[in-house]
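Taking it in order: structure first as C-alpha cells, then the write-up.
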Amino acid sequence: MNNDKSIRMYRLIVFILLWSLCGAVDAQQPGDLYLQAKRIAPNTLQSPWALVQLPDERWLITERAGNLVLLGDEPRIKRIPLSLPTLYHAGQGGLLDIALAQDFALSGRILLTFSQGTADKNHLSVATAVFKNDTISNLNVIFSVTPDKDTPVHFGGRLAVMNDGTWLVTSGDGFDFREEAQKRSSQLGKILRIREDGQAPLDNPFVDTPYIYSYGHRNPQGLVIDDVSGDIYAHEHGPDGGDEINLIQPGGNYGWPVATYGLDYSGARISPFTAYDGMIAPLLNWTPSVAPSSMILYDGTLFPMLKNQLLITTLKAQKLIAVDIHAKPVHCREIFATIMQKTRLRDIAVGNDGAIYILTDGENATVFRIVPL
Ligand SMILES: [Ca+2]
C-alpha cells in the first residue's frame, strides 16, 4: 500500500471510529448558548421510568415501586400508589411505561406496562386503567407475555400506539433466554402488537403466533412511530457493544443473538456473525454501548435544527443523542451537552408547549425542561 492509500485508509478508519462513537464529532455546540435547561420537579422522584403529559399540561410519571407521580403546580408533586396485582419490583422490573389511550380526553384511559410475578416466575404485563379527578380506577391487566422467566432483567416494556389504534409493546429476551428471541413460539425478545382489549389484531404477520410483530430483539426500550409515514423505529440494548436502532417491518427478524456487533460481558463472542441472511441489519449500531433508554421523533417547532430527528436518552453514556435517520450514512451527534448535567437519562417527551422534557434516572431523579432563551 503506498503512502497516499495508507493516509486515506487511516482517515477512513478515524472517520468510522468517530462516527460510531456518536457524539465525539460535535463537541463544539455554540447553539447551546441560546438554550436553557430548567428543573421543573423536585429531586425526589424514586427510580422513575416514563413520563407523559396530560391535556391540562400536568405530567404523569411512573416510579418502578408502583406509584404514579402527578407533577403539576400546587403542590408540586402528588404520589398515587397503584394496586398493580403481583407487581414484581426487583432488578430492572417494576412499573415501567405509561401512555394515554387515543380517546383519553373522553375516556380517561391510560395504558401501563409492569413486571408481574415472583423471582422464580415473572413476566411483562400490560394494564389499562382510568385516570379521572386525579385518581385511578378500573385497573385491569389485559395482556401478559409468555413464557415466564426467572430473571429480574430485560423486560423491554415500551408502548407505542399505531395509527390504527393498535399498540406495539416491546418485550425483552430475559437475559438468560436469548435463544428465545429467535423462536416464534416464545414472546421473549419480540415486538408484540395488541388491541386495547388485549387480543391480537387479525392482520398481525404470523397466523400461528398471533401477537408477534417482529422478532430477534434483545432488550428494546425505545419505540416511535412516524405519524406521517407510519415508519416504526425501535432501539435496543446490545450486550457489551451492539446497541442498535432498527426500522421495524412486520414479520422482520432483527438477528439477536445470531447476528450482533456486541460481545458478551465476559468478552466472549456471542456469535461469529454481524450480519446473516434473512435477518435485517440495524440502521445504526453503537459500539461501545450507550445504553439507549427512550426515544422520540422530534416534530416540534422550537428547535428547527432537530426537526424529524430521533432524540434518544442514554443511561451509560449519560447524554442526549440526535440521530438524523435520513442522512447517508445515518448521522448521530450529542446535543445539549453544555446545558445538561452529566447524569443517566431515562425518558424524553415533547410538551404541549413545544419544549423538550427530560426525565433523569435513579433515586432522587427529576425532570428538566429545555427551551430556547
Ligand atoms: Ca439486530
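Chain identifiers are assigned as A, B, and so on, following the order in which chains appear in the C-alpha cells; residues are numbered from 1 within each chain, and ligands are numbered from 1 in order of appearance.
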So that I can check the surroundings of A:Val228, please list as an MDAnalysis selection string every protein, DNA and RNA residue that reaches within 12 Å of it, counting only C-alpha atoms and ignoring chain neighbours fewer than 3 positions away.
chainID A and resid 162:163 224:225 231:232 297 299 308
At most 9 Å from ligand 1 (only C-alpha atoms and all ligand atoms): residue list as a PDB file with N, CA, C and O atoms, in the first residue's frame:
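To be explicit, this is the file written out as part_16.pdb:
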```pdb
ATOM      1  N   GLY A 216     -36.283 -11.457  17.125  1.00  0.00           N
ATOM      2  CA  GLY A 216     -34.830 -11.335  17.084  1.00  0.00           C
ATOM      3  C   GLY A 216     -34.340 -10.068  17.774  1.00  0.00           C
ATOM      4  O   GLY A 216     -33.334  -9.477  17.378  1.00  0.00           O
ATOM      5  N   HIS A 217     -35.049  -9.652  18.850  1.00  0.00           N
ATOM      6  CA  HIS A 217     -34.655  -8.459  19.605  1.00  0.00           C
ATOM      7  C   HIS A 217     -34.021  -8.867  20.937  1.00  0.00           C
ATOM      8  O   HIS A 217     -34.312  -9.942  21.469  1.00  0.00           O
ATOM      9  N   ARG A 218     -33.219  -7.966  21.510  1.00  0.00           N
ATOM     10  CA  ARG A 218     -32.591  -8.260  22.804  1.00  0.00           C
ATOM     11  C   ARG A 218     -33.374  -7.580  23.931  1.00  0.00           C
ATOM     12  O   ARG A 218     -34.158  -8.216  24.602  1.00  0.00           O
ATOM     13  N   GLU A 236     -32.585  -0.856  20.808  1.00  0.00           N
ATOM     14  CA  GLU A 236     -32.440  -1.906  21.810  1.00  0.00           C
ATOM     15  C   GLU A 236     -31.038  -1.915  22.389  1.00  0.00           C
ATOM     16  O   GLU A 236     -30.072  -1.508  21.725  1.00  0.00           O
ATOM     17  N   GLY A 238     -27.723  -3.573  23.308  1.00  0.00           N
ATOM     18  CA  GLY A 238     -26.889  -4.725  22.992  1.00  0.00           C
ATOM     19  C   GLY A 238     -26.252  -5.228  24.274  1.00  0.00           C
ATOM     20  O   GLY A 238     -26.510  -4.700  25.356  1.00  0.00           O
ATOM     21  N   GLY A 242     -22.952  -3.147  20.471  1.00  0.00           N
ATOM     22  CA  GLY A 242     -24.051  -3.696  19.698  1.00  0.00           C
ATOM     23  C   GLY A 242     -25.425  -3.151  20.050  1.00  0.00           C
ATOM     24  O   GLY A 242     -26.435  -3.788  19.755  1.00  0.00           O
ATOM     25  N   ASP A 243     -25.487  -1.941  20.672  1.00  0.00           N
ATOM     26  CA  ASP A 243     -26.788  -1.275  20.786  1.00  0.00           C
ATOM     27  C   ASP A 243     -27.231  -0.904  19.363  1.00  0.00           C
ATOM     28  O   ASP A 243     -26.395  -0.593  18.520  1.00  0.00           O
ATOM     29  N   GLU A 244     -28.524  -0.921  19.110  1.00  0.00           N
ATOM     30  CA  GLU A 244     -28.997  -0.757  17.727  1.00  0.00           C
ATOM     31  C   GLU A 244     -30.205   0.162  17.625  1.00  0.00           C
ATOM     32  O   GLU A 244     -31.009   0.238  18.557  1.00  0.00           O
ATOM     33  N   ILE A 245     -30.338   0.814  16.448  1.00  0.00           N
ATOM     34  CA  ILE A 245     -31.626   1.378  16.025  1.00  0.00           C
ATOM     35  C   ILE A 245     -32.064   0.579  14.812  1.00  0.00           C
ATOM     36  O   ILE A 245     -31.258   0.342  13.893  1.00  0.00           O
ATOM     37  N   ASN A 246     -33.319   0.155  14.804  1.00  0.00           N
ATOM     38  CA  ASN A 246     -33.859  -0.629  13.694  1.00  0.00           C
ATOM     39  C   ASN A 246     -35.116   0.008  13.136  1.00  0.00           C
ATOM     40  O   ASN A 246     -35.898   0.626  13.879  1.00  0.00           O
ATOM     41  N   ASN A 253     -37.072 -10.219  11.130  1.00  0.00           N
ATOM     42  CA  ASN A 253     -36.165 -10.859  12.088  1.00  0.00           C
ATOM     43  C   ASN A 253     -34.957  -9.940  12.248  1.00  0.00           C
ATOM     44  O   ASN A 253     -34.216  -9.712  11.292  1.00  0.00           O
ATOM     45  N   TYR A 254     -34.739  -9.422  13.445  1.00  0.00           N
ATOM     46  CA  TYR A 254     -33.691  -8.430  13.693  1.00  0.00           C
ATOM     47  C   TYR A 254     -32.401  -9.038  14.239  1.00  0.00           C
ATOM     48  O   TYR A 254     -31.524  -8.321  14.698  1.00  0.00           O
ATOM     49  N   GLY A 255     -32.297 -10.372  14.202  1.00  0.00           N
ATOM     50  CA  GLY A 255     -30.981 -11.002  14.283  1.00  0.00           C
ATOM     51  C   GLY A 255     -30.526 -11.540  15.616  1.00  0.00           C
ATOM     52  O   GLY A 255     -29.771 -12.511  15.647  1.00  0.00           O
ATOM     53  N   TRP A 256     -30.904 -10.899  16.726  1.00  0.00           N
ATOM     54  CA  TRP A 256     -30.385 -11.328  18.022  1.00  0.00           C
ATOM     55  C   TRP A 256     -30.802 -12.761  18.325  1.00  0.00           C
ATOM     56  O   TRP A 256     -31.952 -13.084  18.088  1.00  0.00           O
ATOM     57  N   PRO A 257     -29.910 -13.636  18.834  1.00  0.00           N
ATOM     58  CA  PRO A 257     -28.488 -13.409  19.088  1.00  0.00           C
ATOM     59  C   PRO A 257     -27.586 -13.977  17.982  1.00  0.00           C
ATOM     60  O   PRO A 257     -26.400 -14.180  18.230  1.00  0.00           O
ATOM     61  N   VAL A 258     -28.152 -14.212  16.798  1.00  0.00           N
ATOM     62  CA  VAL A 258     -27.364 -14.808  15.716  1.00  0.00           C
ATOM     63  C   VAL A 258     -26.440 -13.769  15.078  1.00  0.00           C
ATOM     64  O   VAL A 258     -25.273 -14.051  14.799  1.00  0.00           O
ATOM     65  N   ALA A 259     -26.982 -12.572  14.840  1.00  0.00           N
ATOM     66  CA  ALA A 259     -26.187 -11.502  14.230  1.00  0.00           C
ATOM     67  C   ALA A 259     -26.136 -10.327  15.199  1.00  0.00           C
ATOM     68  O   ALA A 259     -27.168  -9.786  15.574  1.00  0.00           O
ATOM     69  N   THR A 260     -24.936  -9.950  15.627  1.00  0.00           N
ATOM     70  CA  THR A 260     -24.789  -8.829  16.563  1.00  0.00           C
ATOM     71  C   THR A 260     -23.387  -8.276  16.472  1.00  0.00           C
ATOM     72  O   THR A 260     -22.440  -9.004  16.159  1.00  0.00           O
ATOM     73  N   TYR A 261     -23.246  -6.987  16.739  1.00  0.00           N
ATOM     74  CA  TYR A 261     -21.929  -6.365  16.830  1.00  0.00           C
ATOM     75  C   TYR A 261     -21.411  -6.421  18.266  1.00  0.00           C
ATOM     76  O   TYR A 261     -20.311  -5.983  18.548  1.00  0.00           O
ATOM     77  N   THR A 274     -21.945 -10.689  12.258  1.00  0.00           N
ATOM     78  CA  THR A 274     -22.531  -9.364  12.471  1.00  0.00           C
ATOM     79  C   THR A 274     -23.713  -9.162  11.514  1.00  0.00           C
ATOM     80  O   THR A 274     -24.478  -8.227  11.660  1.00  0.00           O
ATOM     81  N   ALA A 275     -23.817 -10.009  10.524  1.00  0.00           N
ATOM     82  CA  ALA A 275     -24.954  -9.968   9.593  1.00  0.00           C
ATOM     83  C   ALA A 275     -25.268 -11.406   9.207  1.00  0.00           C
ATOM     84  O   ALA A 275     -24.385 -12.271   9.253  1.00  0.00           O
ATOM     85  N   MET A 279     -31.882 -11.822   7.975  1.00  0.00           N
ATOM     86  CA  MET A 279     -32.012 -11.018   9.194  1.00  0.00           C
ATOM     87  C   MET A 279     -31.722  -9.556   8.847  1.00  0.00           C
ATOM     88  O   MET A 279     -30.780  -9.259   8.114  1.00  0.00           O
ATOM     89  N   ILE A 280     -32.554  -8.666   9.390  1.00  0.00           N
ATOM     90  CA  ILE A 280     -32.488  -7.257   8.986  1.00  0.00           C
ATOM     91  C   ILE A 280     -31.397  -6.546   9.785  1.00  0.00           C
ATOM     92  O   ILE A 280     -31.370  -6.625  11.018  1.00  0.00           O
ATOM     93  N   ALA A 281     -30.497  -5.862   9.078  1.00  0.00           N
ATOM     94  CA  ALA A 281     -29.375  -5.156   9.722  1.00  0.00           C
ATOM     95  C   ALA A 281     -29.881  -3.865  10.365  1.00  0.00           C
ATOM     96  O   ALA A 281     -30.836  -3.258   9.886  1.00  0.00           O
ATOM     97  N   PRO A 282     -29.229  -3.433  11.450  1.00  0.00           N
ATOM     98  CA  PRO A 282     -29.649  -2.182  12.081  1.00  0.00           C
ATOM     99  C   PRO A 282     -29.319  -0.972  11.205  1.00  0.00           C
ATOM    100  O   PRO A 282     -28.391  -1.010  10.401  1.00  0.00           O
ATOM    101  N   ASN A 285     -25.537   1.143  14.611  1.00  0.00           N
ATOM    102  CA  ASN A 285     -25.012   0.293  15.683  1.00  0.00           C
ATOM    103  C   ASN A 285     -24.108   1.153  16.555  1.00  0.00           C
ATOM    104  O   ASN A 285     -23.300   1.934  16.048  1.00  0.00           O
TER     105      ASN A 285
END
```
Taking the DSSP secondary structure from the backbone, can you list the residues of stretch 1-247 of chain A that are strand (DSSP E or B), as a PyMOL selection string?
chain A and resi 35-39+45+48-53+59-63+67-71+77-81+87+95-100+109-117+122-132+135-144+149+156-161+167-171+190-194+212-215+219-225+232-237+240+243-247
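Between atom CA of A:Thr209 and atom CA of A:Thr128 lies a distance of 23.1 Å.
Of note, atom CA of A:Thr170 and atom CA of A:Ser294 are spaced 11.8 Å apart.
Interatomic distance, atom CA of A:Glu196 against atom CA of A:Val126: 9.7 Å.
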Contacts of A:Gln187 at 6 Å (only C-alpha atoms; same-chain gap of 2+ positions) as a list in words
Val145, Thr146 and Lys190 of chain A
Long-range neighbours of A:Gly222 as a list in words, 6 Å cut-off, only C-alpha atoms, 2 positions minimum in chain:
Pro220, Ala234, His235, Ser294 and Met295 of chain A
Would you kindly return, as a PyMOL selection string, each protein, DNA or RNA residue with an atom no farther than 12 Å from any atom of A:Asp203, considering only C-alpha atoms and excluding same-chain residues fewer than 4 positions away?
chain A and resi 164+166+193-195+199+207+209-213+250-251
For the structure I just gave you, how does DSSP split stretch 20-113 of chain A - specifically, which residues are helix (DSSP H, G or I)? Reply as a ChimeraX atom specification.
/A:20-21,30-34,104-107
Output all heavy atoms for every residue in the selection just made, as a PDB file, in the first residue's frame.
```pdb
ATOM      1  N   SER A  20     -18.938   6.164  14.804  1.00  0.00           N
ATOM      2  CA  SER A  20     -19.608   5.154  15.607  1.00  0.00           C
ATOM      3  C   SER A  20     -19.626   5.546  17.086  1.00  0.00           C
ATOM      4  O   SER A  20     -20.460   5.084  17.838  1.00  0.00           O
ATOM      5  CB  SER A  20     -18.950   3.791  15.422  1.00  0.00           C
ATOM      6  OG  SER A  20     -17.632   3.842  15.898  1.00  0.00           O
ATOM      7  N   LEU A  21     -18.685   6.430  17.501  1.00  0.00           N
ATOM      8  CA  LEU A  21     -18.732   6.881  18.893  1.00  0.00           C
ATOM      9  C   LEU A  21     -19.945   7.770  19.133  1.00  0.00           C
ATOM     10  O   LEU A  21     -20.422   7.892  20.246  1.00  0.00           O
ATOM     11  CB  LEU A  21     -17.463   7.661  19.243  1.00  0.00           C
ATOM     12  CG  LEU A  21     -16.233   6.790  19.481  1.00  0.00           C
ATOM     13  CD1 LEU A  21     -15.007   7.656  19.612  1.00  0.00           C
ATOM     14  CD2 LEU A  21     -16.413   5.942  20.724  1.00  0.00           C
ATOM     15  N   PRO A  30     -22.046  25.721  19.849  1.00  0.00           N
ATOM     16  CA  PRO A  30     -22.319  27.127  20.150  1.00  0.00           C
ATOM     17  C   PRO A  30     -23.804  27.408  20.328  1.00  0.00           C
ATOM     18  O   PRO A  30     -24.179  28.320  21.057  1.00  0.00           O
ATOM     19  CB  PRO A  30     -21.750  27.873  18.934  1.00  0.00           C
ATOM     20  CG  PRO A  30     -21.614  26.838  17.869  1.00  0.00           C
ATOM     21  CD  PRO A  30     -21.381  25.546  18.559  1.00  0.00           C
ATOM     22  N   GLY A  31     -24.664  26.578  19.688  1.00  0.00           N
ATOM     23  CA  GLY A  31     -26.111  26.793  19.799  1.00  0.00           C
ATOM     24  C   GLY A  31     -26.613  26.681  21.223  1.00  0.00           C
ATOM     25  O   GLY A  31     -27.637  27.262  21.580  1.00  0.00           O
ATOM     26  N   ASP A  32     -25.892  25.926  22.074  1.00  0.00           N
ATOM     27  CA  ASP A  32     -26.324  25.749  23.450  1.00  0.00           C
ATOM     28  C   ASP A  32     -26.335  27.062  24.226  1.00  0.00           C
ATOM     29  O   ASP A  32     -26.987  27.181  25.250  1.00  0.00           O
ATOM     30  CB  ASP A  32     -25.402  24.764  24.180  1.00  0.00           C
ATOM     31  CG  ASP A  32     -25.736  23.315  23.832  1.00  0.00           C
ATOM     32  OD1 ASP A  32     -26.614  23.119  22.973  1.00  0.00           O
ATOM     33  OD2 ASP A  32     -25.133  22.419  24.426  1.00  0.00           O
ATOM     34  N   LEU A  33     -25.575  28.075  23.742  1.00  0.00           N
ATOM     35  CA  LEU A  33     -25.556  29.382  24.420  1.00  0.00           C
ATOM     36  C   LEU A  33     -26.956  29.982  24.470  1.00  0.00           C
ATOM     37  O   LEU A  33     -27.244  30.812  25.315  1.00  0.00           O
ATOM     38  CB  LEU A  33     -24.632  30.350  23.675  1.00  0.00           C
ATOM     39  CG  LEU A  33     -23.140  30.008  23.742  1.00  0.00           C
ATOM     40  CD1 LEU A  33     -22.359  30.916  22.819  1.00  0.00           C
ATOM     41  CD2 LEU A  33     -22.641  30.147  25.175  1.00  0.00           C
ATOM     42  N   TYR A  34     -27.810  29.568  23.561  1.00  0.00           N
ATOM     43  CA  TYR A  34     -29.137  30.176  23.461  1.00  0.00           C
ATOM     44  C   TYR A  34     -30.222  29.251  24.004  1.00  0.00           C
ATOM     45  O   TYR A  34     -31.385  29.403  23.698  1.00  0.00           O
ATOM     46  CB  TYR A  34     -29.422  30.553  22.000  1.00  0.00           C
ATOM     47  CG  TYR A  34     -28.329  31.411  21.432  1.00  0.00           C
ATOM     48  CD1 TYR A  34     -27.378  30.887  20.566  1.00  0.00           C
ATOM     49  CD2 TYR A  34     -28.216  32.758  21.803  1.00  0.00           C
ATOM     50  CE1 TYR A  34     -26.343  31.671  20.080  1.00  0.00           C
ATOM     51  CE2 TYR A  34     -27.190  33.552  21.323  1.00  0.00           C
ATOM     52  CZ  TYR A  34     -26.255  32.999  20.463  1.00  0.00           C
ATOM     53  OH  TYR A  34     -25.240  33.782  19.999  1.00  0.00           O
ATOM     54  N   PHE A 104     -58.320   9.414  25.258  1.00  0.00           N
ATOM     55  CA  PHE A 104     -58.111   9.778  26.666  1.00  0.00           C
ATOM     56  C   PHE A 104     -58.999  10.955  27.085  1.00  0.00           C
ATOM     57  O   PHE A 104     -59.548  10.959  28.201  1.00  0.00           O
ATOM     58  CB  PHE A 104     -56.637  10.126  26.913  1.00  0.00           C
ATOM     59  CG  PHE A 104     -56.380  10.610  28.320  1.00  0.00           C
ATOM     60  CD1 PHE A 104     -56.197   9.703  29.360  1.00  0.00           C
ATOM     61  CD2 PHE A 104     -56.352  11.976  28.615  1.00  0.00           C
ATOM     62  CE1 PHE A 104     -55.991  10.147  30.661  1.00  0.00           C
ATOM     63  CE2 PHE A 104     -56.144  12.430  29.919  1.00  0.00           C
ATOM     64  CZ  PHE A 104     -55.959  11.503  30.937  1.00  0.00           C
ATOM     65  N   ALA A 105     -59.155  11.955  26.229  1.00  0.00           N
ATOM     66  CA  ALA A 105     -59.916  13.153  26.602  1.00  0.00           C
ATOM     67  C   ALA A 105     -61.338  12.772  27.021  1.00  0.00           C
ATOM     68  O   ALA A 105     -61.926  13.393  27.919  1.00  0.00           O
ATOM     69  CB  ALA A 105     -59.937  14.137  25.448  1.00  0.00           C
ATOM     70  N   LEU A 106     -61.895  11.743  26.383  1.00  0.00           N
ATOM     71  CA  LEU A 106     -63.247  11.286  26.724  1.00  0.00           C
ATOM     72  C   LEU A 106     -63.234  10.229  27.823  1.00  0.00           C
ATOM     73  O   LEU A 106     -63.984  10.302  28.795  1.00  0.00           O
ATOM     74  CB  LEU A 106     -63.911  10.669  25.488  1.00  0.00           C
ATOM     75  CG  LEU A 106     -64.487  11.616  24.460  1.00  0.00           C
ATOM     76  CD1 LEU A 106     -64.979  10.821  23.264  1.00  0.00           C
ATOM     77  CD2 LEU A 106     -65.643  12.428  25.084  1.00  0.00           C
ATOM     78  N   SER A 107     -62.365   9.225  27.647  1.00  0.00           N
ATOM     79  CA  SER A 107     -62.435   8.030  28.497  1.00  0.00           C
ATOM     80  C   SER A 107     -61.540   8.100  29.721  1.00  0.00           C
ATOM     81  O   SER A 107     -61.768   7.391  30.704  1.00  0.00           O
ATOM     82  CB  SER A 107     -62.018   6.801  27.672  1.00  0.00           C
ATOM     83  OG  SER A 107     -60.630   6.890  27.344  1.00  0.00           O
TER      84      SER A 107
END
```
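Among the candidate residues A:His123, A:Lys307, A:Lys149, A:Arg178, the one lying nearest to A:Asn219 is A:Arg178, with distances computed using only C-alpha atoms.
Among the candidate residues A:Val141, A:Leu100, A:Leu223, A:Leu311, the one lying nearest to A:Leu60 is A:Leu100, with distances computed using only C-alpha atoms.
With only C-alpha atoms as the atoms that count, the minimum distance from A:Leu45 to the choices A:Ile142, A:Arg344, A:Arg58, A:Leu68 is reached by A:Leu68.
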